[in-house]
$ cat model.cif   # mmCIF, C-alpha atoms and all ligand atoms
data_input
#
loop_
_atom_site.group_PDB
_atom_site.id
_atom_site.type_symbol
_atom_site.label_atom_id
_atom_site.label_comp_id
_atom_site.auth_asym_id
_atom_site.auth_seq_id
_atom_site.Cartn_x
_atom_site.Cartn_y
_atom_site.Cartn_z
ATOM 1 C CA MET A 4 136.384 91.359 83.916
ATOM 2 C CA THR A 5 136.272 90.130 87.510
ATOM 3 C CA TRP A 6 132.985 89.083 89.103
ATOM 4 C CA GLY A 7 133.347 92.035 91.481
ATOM 5 C CA ARG A 8 133.342 94.538 88.655
ATOM 6 C CA ALA A 9 130.516 92.715 86.880
ATOM 7 C CA ALA A 10 128.458 92.669 90.092
ATOM 8 C CA ALA A 11 129.183 96.375 90.612
ATOM 9 C CA ILE A 12 127.807 97.196 87.131
ATOM 10 C CA HIS A 13 124.701 95.104 87.790
ATOM 11 C CA GLU A 14 124.030 96.782 91.153
ATOM 12 C CA ALA A 15 124.844 100.210 89.705
ATOM 13 C CA GLY A 16 122.053 99.636 87.171
ATOM 14 C CA HIS A 17 119.522 99.050 89.966
ATOM 15 C CA ALA A 18 120.900 101.925 92.065
ATOM 16 C CA THR A 19 121.038 104.511 89.272
ATOM 17 C CA VAL A 20 117.466 103.866 88.147
ATOM 18 C CA ALA A 21 116.274 103.959 91.782
ATOM 19 C CA TYR A 22 118.116 107.246 92.248
ATOM 20 C CA GLY A 23 116.663 108.637 88.995
ATOM 21 C CA ILE A 24 113.163 107.741 90.186
ATOM 22 C CA GLY A 25 113.862 109.476 93.486
ATOM 23 C CA VAL A 26 113.350 106.705 96.043
ATOM 24 C CA ARG A 27 114.464 107.283 99.613
ATOM 25 C CA GLY A 28 116.782 105.194 101.774
ATOM 26 C CA LEU A 29 118.907 104.075 98.839
ATOM 27 C CA ARG A 30 121.986 101.940 99.523
ATOM 28 C CA ALA A 31 124.094 99.683 97.251
ATOM 29 C CA VAL A 32 126.252 96.892 98.671
ATOM 30 C CA LEU A 33 128.706 94.369 97.200
ATOM 31 C CA GLU A 34 129.004 91.192 99.223
ATOM 32 C CA PRO A 35 132.323 89.398 99.749
ATOM 33 C CA ASN A 36 130.842 86.117 98.496
ATOM 34 C CA GLY A 37 130.195 87.504 95.020
ATOM 35 C CA GLY A 38 126.678 88.852 95.253
ATOM 36 C CA GLY A 39 125.329 92.274 95.874
ATOM 37 C CA PHE A 40 122.096 94.066 96.576
ATOM 38 C CA VAL A 41 120.417 97.447 96.544
ATOM 39 C CA VAL A 42 118.136 98.600 99.346
ATOM 40 C CA TYR A 43 115.489 101.205 98.585
ATOM 41 C CA GLY A 44 112.357 102.590 100.150
ATOM 42 C CA GLU A 45 108.833 101.956 98.897
ATOM 43 C CA PRO A 46 108.892 103.294 95.298
ATOM 44 C CA GLY A 47 105.402 104.671 95.763
ATOM 45 C CA THR A 48 106.784 107.249 98.199
ATOM 46 C CA ALA A 49 108.746 108.744 95.295
ATOM 47 C CA CYS A 50 105.517 109.375 93.409
ATOM 48 C CA ALA A 51 104.174 112.368 95.296
ATOM 49 C CA GLY A 52 105.335 115.001 92.832
ATOM 50 C CA GLN A 53 105.483 112.648 89.873
ATOM 51 C CA ARG A 54 102.095 111.002 89.742
ATOM 52 C CA ARG A 55 100.772 113.461 87.256
ATOM 53 C CA GLU A 56 103.486 112.407 84.820
ATOM 54 C CA TYR A 57 102.619 108.746 85.089
ATOM 55 C CA ASP A 58 98.885 108.874 85.578
ATOM 56 C CA GLY A 59 96.021 108.110 83.274
ATOM 57 C CA ALA A 60 95.582 104.476 84.200
ATOM 58 C CA GLY A 61 93.350 103.353 87.012
ATOM 59 C CA ASP A 62 94.710 103.501 90.522
ATOM 60 C CA ASP A 63 97.405 106.074 90.076
ATOM 61 C CA TYR A 64 99.439 105.181 93.104
ATOM 62 C CA ALA A 65 99.430 101.399 92.647
ATOM 63 C CA VAL A 66 100.184 101.688 88.918
ATOM 64 C CA THR A 67 103.037 104.124 89.472
ATOM 65 C CA ALA A 68 104.562 102.126 92.332
ATOM 66 C CA SER A 69 104.430 98.903 90.269
ATOM 67 C CA MET A 70 106.012 100.597 87.243
ATOM 68 C CA PHE A 71 108.808 102.026 89.389
ATOM 69 C CA THR A 72 109.474 98.662 91.065
ATOM 70 C CA LEU A 73 109.561 96.912 87.691
ATOM 71 C CA ALA A 74 112.009 99.498 86.305
ATOM 72 C CA ILE A 75 114.333 99.206 89.324
ATOM 73 C CA VAL A 76 114.447 95.406 89.294
ATOM 74 C CA LEU A 77 114.879 95.232 85.505
ATOM 75 C CA ALA A 78 117.803 97.659 85.613
ATOM 76 C CA GLY A 79 120.377 95.165 86.953
ATOM 77 C CA GLN A 80 120.021 92.792 84.042
ATOM 78 C CA VAL A 81 119.660 95.592 81.517
ATOM 79 C CA ALA A 82 122.886 97.213 82.771
ATOM 80 C CA GLN A 83 124.622 93.838 82.509
ATOM 81 C CA GLY A 84 123.426 93.517 78.930
ATOM 82 C CA LEU A 85 124.555 97.029 77.990
ATOM 83 C CA ALA A 86 128.007 96.248 79.444
ATOM 84 C CA GLY A 87 128.173 93.046 77.370
ATOM 85 C CA LEU A 88 127.973 90.852 80.465
ATOM 86 C CA ASP A 89 124.977 88.674 79.631
ATOM 87 C CA GLY A 90 125.719 85.156 80.740
ATOM 88 C CA HIS A 91 128.501 86.216 83.107
ATOM 89 C CA GLN A 92 126.342 86.216 86.205
ATOM 90 C CA PRO A 93 123.883 83.346 86.274
ATOM 91 C CA TRP A 94 123.679 83.725 90.073
ATOM 92 C CA TYR A 95 121.593 86.844 89.594
ATOM 93 C CA GLU A 96 118.910 85.230 87.520
ATOM 94 C CA GLY A 97 116.848 83.579 90.256
ATOM 95 C CA GLY A 98 116.054 86.444 92.605
ATOM 96 C CA ASP A 99 115.813 89.181 90.000
ATOM 97 C CA ARG A 100 113.658 87.131 87.678
ATOM 98 C CA ASP A 101 111.175 86.390 90.472
ATOM 99 C CA GLN A 102 110.980 90.065 91.397
ATOM 100 C CA ILE A 103 110.590 91.156 87.776
ATOM 101 C CA GLU A 104 107.755 88.697 87.226
ATOM 102 C CA GLY A 105 106.179 89.688 90.546
ATOM 103 C CA ALA A 106 106.215 93.397 89.690
ATOM 104 C CA ALA A 107 104.788 92.739 86.199
ATOM 105 C CA VAL A 108 101.992 90.570 87.622
ATOM 106 C CA ASP A 109 101.206 93.287 90.210
ATOM 107 C CA LEU A 110 100.983 95.901 87.469
ATOM 108 C CA VAL A 111 98.761 93.740 85.266
ATOM 109 C CA GLU A 112 96.530 93.034 88.272
ATOM 110 C CA VAL A 113 96.007 96.674 89.236
ATOM 111 C CA LEU A 114 95.123 97.386 85.599
ATOM 112 C CA GLY A 115 92.483 94.643 85.740
ATOM 113 C CA ALA A 116 94.143 92.854 82.792
ATOM 114 C CA PRO A 117 94.793 89.099 82.349
ATOM 115 C CA ALA A 118 97.985 87.764 84.001
ATOM 116 C CA ALA A 119 99.020 86.337 80.618
ATOM 117 C CA LEU A 120 99.933 89.903 79.591
ATOM 118 C CA ALA A 121 102.739 90.146 82.184
ATOM 119 C CA PRO A 122 105.484 89.178 79.674
ATOM 120 C CA ARG A 123 104.380 92.030 77.401
ATOM 121 C CA ILE A 124 104.648 94.446 80.339
ATOM 122 C CA ILE A 125 108.183 93.169 81.021
ATOM 123 C CA ARG A 126 109.236 93.770 77.392
ATOM 124 C CA CYS A 127 107.869 97.336 77.541
ATOM 125 C CA GLY A 128 109.738 97.956 80.804
ATOM 126 C CA GLU A 129 112.952 96.625 79.256
ATOM 127 C CA GLN A 130 112.626 99.084 76.375
ATOM 128 C CA ASP A 131 112.175 102.045 78.723
ATOM 129 C CA VAL A 132 114.942 101.023 81.114
ATOM 130 C CA THR A 133 117.346 100.311 78.240
ATOM 131 C CA ALA A 134 116.730 103.733 76.696
ATOM 132 C CA TRP A 135 117.201 105.517 80.007
ATOM 133 C CA LEU A 136 120.328 103.574 81.045
ATOM 134 C CA GLU A 137 121.903 104.157 77.618
ATOM 135 C CA GLN A 138 121.292 107.861 78.036
ATOM 136 C CA SER A 139 122.645 107.804 81.610
ATOM 137 C CA TRP A 140 125.484 105.326 81.020
ATOM 138 C CA PRO A 141 128.384 107.564 82.169
ATOM 139 C CA ALA A 142 126.580 108.014 85.520
ATOM 140 C CA VAL A 143 126.007 104.248 85.817
ATOM 141 C CA MET A 144 129.718 103.628 85.252
ATOM 142 C CA ARG A 145 130.721 106.227 87.858
ATOM 143 C CA VAL A 146 128.462 104.516 90.400
ATOM 144 C CA ALA A 147 129.781 101.072 89.369
ATOM 145 C CA ASP A 148 133.441 102.107 89.664
ATOM 146 C CA ALA A 149 132.921 103.635 93.110
ATOM 147 C CA LEU A 150 130.881 100.655 94.318
ATOM 148 C CA HIS A 151 133.596 98.283 93.131
ATOM 149 C CA ALA A 152 136.234 100.317 94.996
ATOM 150 C CA GLU A 153 134.243 101.094 98.151
ATOM 151 C CA GLN A 154 131.950 98.010 98.402
ATOM 152 C CA GLN A 155 129.092 100.108 99.772
ATOM 153 C CA LEU A 156 127.458 103.395 98.729
ATOM 154 C CA ASP A 157 124.712 105.294 100.492
ATOM 155 C CA GLY A 158 122.113 107.459 98.779
ATOM 156 C CA ALA A 159 124.038 110.711 99.212
ATOM 157 C CA ARG A 160 127.175 109.208 97.658
ATOM 158 C CA ILE A 161 125.165 107.757 94.760
ATOM 159 C CA ALA A 162 123.591 111.181 94.172
ATOM 160 C CA THR A 163 127.004 112.871 94.106
ATOM 161 C CA LEU A 164 128.451 110.274 91.744
ATOM 162 C CA ALA A 165 125.477 110.172 89.385
ATOM 163 C CA GLY A 166 124.867 113.915 89.299
ATOM 164 C CA PRO A 167 121.688 115.391 87.870
ATOM 165 C CA LEU A 168 119.879 112.917 85.635
ATOM 166 C CA PRO A 169 116.647 113.054 83.655
ATOM 167 C CA ARG A 170 113.870 111.149 85.388
ATOM 168 C CA PRO A 171 113.251 107.730 83.770
ATOM 169 C CA ALA A 172 110.518 108.378 81.216
ATOM 170 C CA LEU A 173 108.844 104.911 81.260
ATOM 171 C CA THR A 174 106.846 106.074 78.234
ATOM 172 C CA THR A 175 106.314 102.627 76.725
ATOM 173 C CA LEU A 176 105.164 101.201 80.058
ATOM 174 C CA GLN A 177 102.859 104.121 80.640
ATOM 175 C CA ASN A 178 101.297 103.785 77.188
ATOM 176 C CA VAL A 179 100.651 100.079 77.591
ATOM 177 C CA ALA A 180 99.290 100.680 81.119
ATOM 178 C CA ARG A 181 96.843 103.260 79.742
ATOM 179 C CA SER A 182 95.654 101.022 76.953
ATOM 180 C CA LEU A 183 95.267 97.980 79.241
ATOM 181 C CA TRP A 184 93.357 100.069 81.774
ATOM 182 C CA THR A 185 91.006 101.354 79.071
ATOM 183 C CA ARG A 186 90.473 97.886 77.677
ATOM 184 C CA TYR A 187 90.120 95.923 80.944
ATOM 185 C CA GLY A 188 90.172 97.868 84.217
ATOM 186 C CA ALA A 189 87.904 100.786 83.322
ATOM 187 C CA ARG A 190 85.344 98.461 81.773
ATOM 188 C CA ARG A 191 85.347 96.321 84.906
ATOM 189 C CA GLN A 192 84.963 99.419 87.092
ATOM 190 C CA ARG A 193 81.983 100.650 85.042
ATOM 191 C CA ALA A 194 80.396 97.209 85.250
ATOM 192 C CA ALA A 195 80.801 97.264 89.031
ATOM 193 C CA VAL A 196 79.199 100.691 89.241
ATOM 194 C CA VAL A 197 76.199 99.624 87.161
ATOM 195 C CA ALA A 198 75.774 96.459 89.244
HETATM 196 ZN ZN ZN A 201 119.870 92.382 90.616
#
$ encode --input "model.cif" --output "structure tokens" --more "lines below"
Ligand SMILES: [Zn+2]
Amino acid sequence: MTWGRAAAIHEAGHATVAYGIGVRGLRAVLEPNGGGFVVYGEPGTACAGQRREYDGAGDDYAVTASMFTLAIVLAGQVAQGLAGLDGHQPWYEGGDRDQIEGAAVDLVEVLGAPAALAPRIIRCGEQDVTAWLEQSWPAVMRVADALHAEQQLDGARIATLAGPLPRPALTTLQNVARSLWTRYGARRQRAAVVA
């Protein structure tokens, strides 16, 4: 496996989850120097018709946007793992890891929970993203193959390649978000109201 193909699978993971979530302004790019990136609009803008599915925990919009961001940034590494490429691309670890931790800390914060729970949030996100990417794997590979061949895909091309997909369920994340909100955030909110 060449680095170009490995990078294409990694970026296809990000791009396919972002597409499944419904973000706008999606674009996937492979760089000549061996890296790659995916551009996408604010995940919260994808929530309009979906918030009801993800709600039940505190500030609906902030929780949903953080869960979407976490899922999108996790998807590169998860796709690598599903393709058996763990350890092939150490150059991805820095940036993605920072973004994953940042999104998990954001989510924990909006739920009013202790920052120490961020790793648990990341594990829940990994479970959800793994399940969804496994289910959508043929679409991920179509996007990866085209990205490898064409170096750059816009949102319309990604949509055509991926075809109709179920929306990422994020059930595990949503359940943990609900329970953390009940345990920490809601209690804090009630305390503030009484004060
Ligand atoms: Zn990545």
$ residues_near_ligand --input "model.cif" --ligand "ligand ZN 201 (chain A)" --cutoff "8 Å" --atoms "all atoms listed in the file" --output "PyMOL selection string"
chain A and resi 13-14+17+39-41+76-80+95-96+98-99
$ resolve_selection --input "model.cif" --expression "the PyMOL selection byres (((chain A and resi 154-162) around 6) and not hetatm)" --output "ChimeraX atom specification"
/A:29-33,150-153,163-166
$ closest_residue --input "model.cif" --among "A:Ala134, A:Leu85, A:Ile124, A:Val146" --to "Val179 in chain A" --atoms "all atoms listed in the file"
A:Ile124
$ atom_distance --input "model.cif" --atom1 "CA of Arg190 in chain A" --atom2 "CA of Leu120 in chain A"
17.1 Å
$ resolve_selection --input "model.cif" --expression "the PyMOL selection byres (((chain A and resi 82) around 12) and not hetatm)" --output "JSON, numbers by chain"
{"A": [9, 10, 11, 12, 13, 14, 15, 16, 17, 18, 19, 20, 74, 75, 76, 77, 78, 79, 80, 81, 83, 84, 85, 86, 87, 88, 89, 129, 132, 133, 134, 135, 136, 137, 138, 139, 140, 141, 142, 143, 144, 146, 147]}
$ atom_distance --input "model.cif" --atom1 "CA of Pro117 in chain A" --atom2 "CA of Phe71 in chain A"
20.3 Å
$ atom_distance --input "model.cif" --atom1 "CA of Ala180 in chain A" --atom2 "CA of Val108 in chain A"
12.3 Å
$ resolve_selection --input "model.cif" --expression "the PyMOL selection byres (((chain A and resi 27) around 8) and not hetatm)" --output "NGL selection string"
:A and (25-26 or 28-29 or 43-45 or 48-49 or 158)
$ residues_around --input "model.cif" --residues "Ala106 in chain A" --least-positions-apart "3" --cutoff "12 Å" --atoms "all atoms listed in the file" --output "MDAnalysis selection string"
chainID A and resid 46 65:77 99:103 109:113 118 121:122 124:125 128
$ decode --input "model.cif" --residues "range 86-177 of chain A" --atoms "C-alpha atoms" --output "PDB file, in the first residue's frame"
ATOM      1  CA  ALA A  86      -8.351  -0.811   6.610  1.00  0.00           C
ATOM      2  CA  GLY A  87      -5.590  -2.378   8.731  1.00  0.00           C
ATOM      3  CA  LEU A  88      -3.393   0.706   8.421  1.00  0.00           C
ATOM      4  CA  ASP A  89      -2.759   1.529  12.073  1.00  0.00           C
ATOM      5  CA  GLY A  90       0.836   2.574  12.450  1.00  0.00           C
ATOM      6  CA  HIS A  91       1.270   3.333   8.748  1.00  0.00           C
ATOM      7  CA  GLN A  92       0.666   7.046   9.081  1.00  0.00           C
ATOM      8  CA  PRO A  93       2.237   8.510  12.191  1.00  0.00           C
ATOM      9  CA  TRP A  94       2.175  11.941  10.503  1.00  0.00           C
ATOM     10  CA  TYR A  95      -1.561  12.094  11.077  1.00  0.00           C
ATOM     11  CA  GLU A  96      -1.425  11.613  14.798  1.00  0.00           C
ATOM     12  CA  GLY A  97      -0.532  15.142  15.901  1.00  0.00           C
ATOM     13  CA  GLY A  98      -3.226  17.270  14.295  1.00  0.00           C
ATOM     14  CA  ASP A  99      -6.049  14.757  14.512  1.00  0.00           C
ATOM     15  CA  ARG A 100      -5.324  13.869  18.106  1.00  0.00           C
ATOM     16  CA  ASP A 101      -5.423  17.535  19.138  1.00  0.00           C
ATOM     17  CA  GLN A 102      -8.734  18.042  17.356  1.00  0.00           C
ATOM     18  CA  ILE A 103     -10.232  14.871  18.826  1.00  0.00           C
ATOM     19  CA  GLU A 104      -9.250  15.906  22.340  1.00  0.00           C
ATOM     20  CA  GLY A 105     -10.484  19.450  21.700  1.00  0.00           C
ATOM     21  CA  ALA A 106     -13.902  18.265  20.514  1.00  0.00           C
ATOM     22  CA  ALA A 107     -14.240  15.861  23.475  1.00  0.00           C
ATOM     23  CA  VAL A 108     -13.314  18.603  25.959  1.00  0.00           C
ATOM     24  CA  ASP A 109     -15.847  20.956  24.302  1.00  0.00           C
ATOM     25  CA  LEU A 110     -18.566  18.328  24.615  1.00  0.00           C
ATOM     26  CA  VAL A 111     -17.755  17.588  28.256  1.00  0.00           C
ATOM     27  CA  GLU A 112     -17.761  21.328  28.979  1.00  0.00           C
ATOM     28  CA  VAL A 113     -21.174  22.018  27.455  1.00  0.00           C
ATOM     29  CA  LEU A 114     -22.538  19.094  29.481  1.00  0.00           C
ATOM     30  CA  GLY A 115     -21.151  20.689  32.651  1.00  0.00           C
ATOM     31  CA  ALA A 116     -19.125  17.527  33.389  1.00  0.00           C
ATOM     32  CA  PRO A 117     -15.505  17.258  34.629  1.00  0.00           C
ATOM     33  CA  ALA A 118     -12.805  17.462  31.915  1.00  0.00           C
ATOM     34  CA  ALA A 119     -11.409  14.150  33.193  1.00  0.00           C
ATOM     35  CA  LEU A 120     -14.347  12.440  31.447  1.00  0.00           C
ATOM     36  CA  ALA A 121     -13.143  13.480  27.965  1.00  0.00           C
ATOM     37  CA  PRO A 122     -11.362  10.138  27.307  1.00  0.00           C
ATOM     38  CA  ARG A 123     -14.619   8.290  28.013  1.00  0.00           C
ATOM     39  CA  ILE A 124     -16.406  10.520  25.488  1.00  0.00           C
ATOM     40  CA  ILE A 125     -13.709   9.704  22.911  1.00  0.00           C
ATOM     41  CA  ARG A 126     -14.162   5.941  23.443  1.00  0.00           C
ATOM     42  CA  CYS A 127     -17.939   6.287  22.982  1.00  0.00           C
ATOM     43  CA  GLY A 128     -17.402   8.296  19.787  1.00  0.00           C
ATOM     44  CA  GLU A 129     -15.006   5.642  18.480  1.00  0.00           C
ATOM     45  CA  GLN A 130     -17.641   2.952  19.002  1.00  0.00           C
ATOM     46  CA  ASP A 131     -20.278   4.916  17.085  1.00  0.00           C
ATOM     47  CA  VAL A 132     -17.966   5.932  14.249  1.00  0.00           C
ATOM     48  CA  THR A 133     -16.595   2.389  13.918  1.00  0.00           C
ATOM     49  CA  ALA A 134     -20.092   0.911  13.675  1.00  0.00           C
ATOM     50  CA  TRP A 135     -21.188   3.454  11.086  1.00  0.00           C
ATOM     51  CA  LEU A 136     -18.025   3.207   8.948  1.00  0.00           C
ATOM     52  CA  GLU A 137     -18.223  -0.604   8.984  1.00  0.00           C
ATOM     53  CA  GLN A 138     -21.784  -0.368   7.747  1.00  0.00           C
ATOM     54  CA  SER A 139     -20.822   2.220   5.104  1.00  0.00           C
ATOM     55  CA  TRP A 140     -17.454   0.711   4.143  1.00  0.00           C
ATOM     56  CA  PRO A 141     -18.151   0.205   0.402  1.00  0.00           C
ATOM     57  CA  ALA A 142     -18.989   3.936   0.153  1.00  0.00           C
ATOM     58  CA  VAL A 143     -15.799   4.868   2.037  1.00  0.00           C
ATOM     59  CA  MET A 144     -13.741   2.791  -0.397  1.00  0.00           C
ATOM     60  CA  ARG A 145     -15.418   4.381  -3.433  1.00  0.00           C
ATOM     61  CA  VAL A 146     -14.572   7.830  -2.063  1.00  0.00           C
ATOM     62  CA  ALA A 147     -11.009   6.707  -1.222  1.00  0.00           C
ATOM     63  CA  ASP A 148     -10.384   5.237  -4.686  1.00  0.00           C
ATOM     64  CA  ALA A 149     -11.649   8.366  -6.443  1.00  0.00           C
ATOM     65  CA  LEU A 150      -9.695  10.672  -4.127  1.00  0.00           C
ATOM     66  CA  HIS A 151      -6.531   8.674  -4.767  1.00  0.00           C
ATOM     67  CA  ALA A 152      -7.086   8.944  -8.535  1.00  0.00           C
ATOM     68  CA  GLU A 153      -8.315  12.547  -8.683  1.00  0.00           C
ATOM     69  CA  GLN A 154      -6.464  14.124  -5.697  1.00  0.00           C
ATOM     70  CA  GLN A 155      -9.423  16.377  -4.910  1.00  0.00           C
ATOM     71  CA  LEU A 156     -13.176  15.811  -4.513  1.00  0.00           C
ATOM     72  CA  ASP A 157     -15.869  18.386  -3.909  1.00  0.00           C
ATOM     73  CA  GLY A 158     -19.077  17.774  -1.982  1.00  0.00           C
ATOM     74  CA  ALA A 159     -21.167  16.950  -5.051  1.00  0.00           C
ATOM     75  CA  ARG A 160     -18.648  14.345  -6.224  1.00  0.00           C
ATOM     76  CA  ILE A 161     -18.457  12.814  -2.736  1.00  0.00           C
ATOM     77  CA  ALA A 162     -22.265  12.611  -2.645  1.00  0.00           C
ATOM     78  CA  THR A 163     -22.371  10.856  -6.025  1.00  0.00           C
ATOM     79  CA  LEU A 164     -19.647   8.399  -5.043  1.00  0.00           C
ATOM     80  CA  ALA A 165     -21.027   7.627  -1.590  1.00  0.00           C
ATOM     81  CA  GLY A 166     -24.670   7.409  -2.620  1.00  0.00           C
ATOM     82  CA  PRO A 167     -27.471   7.382  -0.074  1.00  0.00           C
ATOM     83  CA  LEU A 168     -26.208   6.465   3.383  1.00  0.00           C
ATOM     84  CA  PRO A 169     -27.875   6.118   6.772  1.00  0.00           C
ATOM     85  CA  ARG A 170     -27.149   9.099   8.993  1.00  0.00           C
ATOM     86  CA  PRO A 171     -24.475   8.308  11.624  1.00  0.00           C
ATOM     87  CA  ALA A 172     -26.450   7.173  14.661  1.00  0.00           C
ATOM     88  CA  LEU A 173     -24.015   8.334  17.407  1.00  0.00           C
ATOM     89  CA  THR A 174     -26.192   6.397  19.859  1.00  0.00           C
ATOM     90  CA  THR A 175     -23.447   5.668  22.384  1.00  0.00           C
ATOM     91  CA  LEU A 176     -22.318   9.300  22.402  1.00  0.00           C
ATOM     92  CA  GLN A 177     -25.864  10.517  22.760  1.00  0.00           C
TER      93      GLN A 177
END
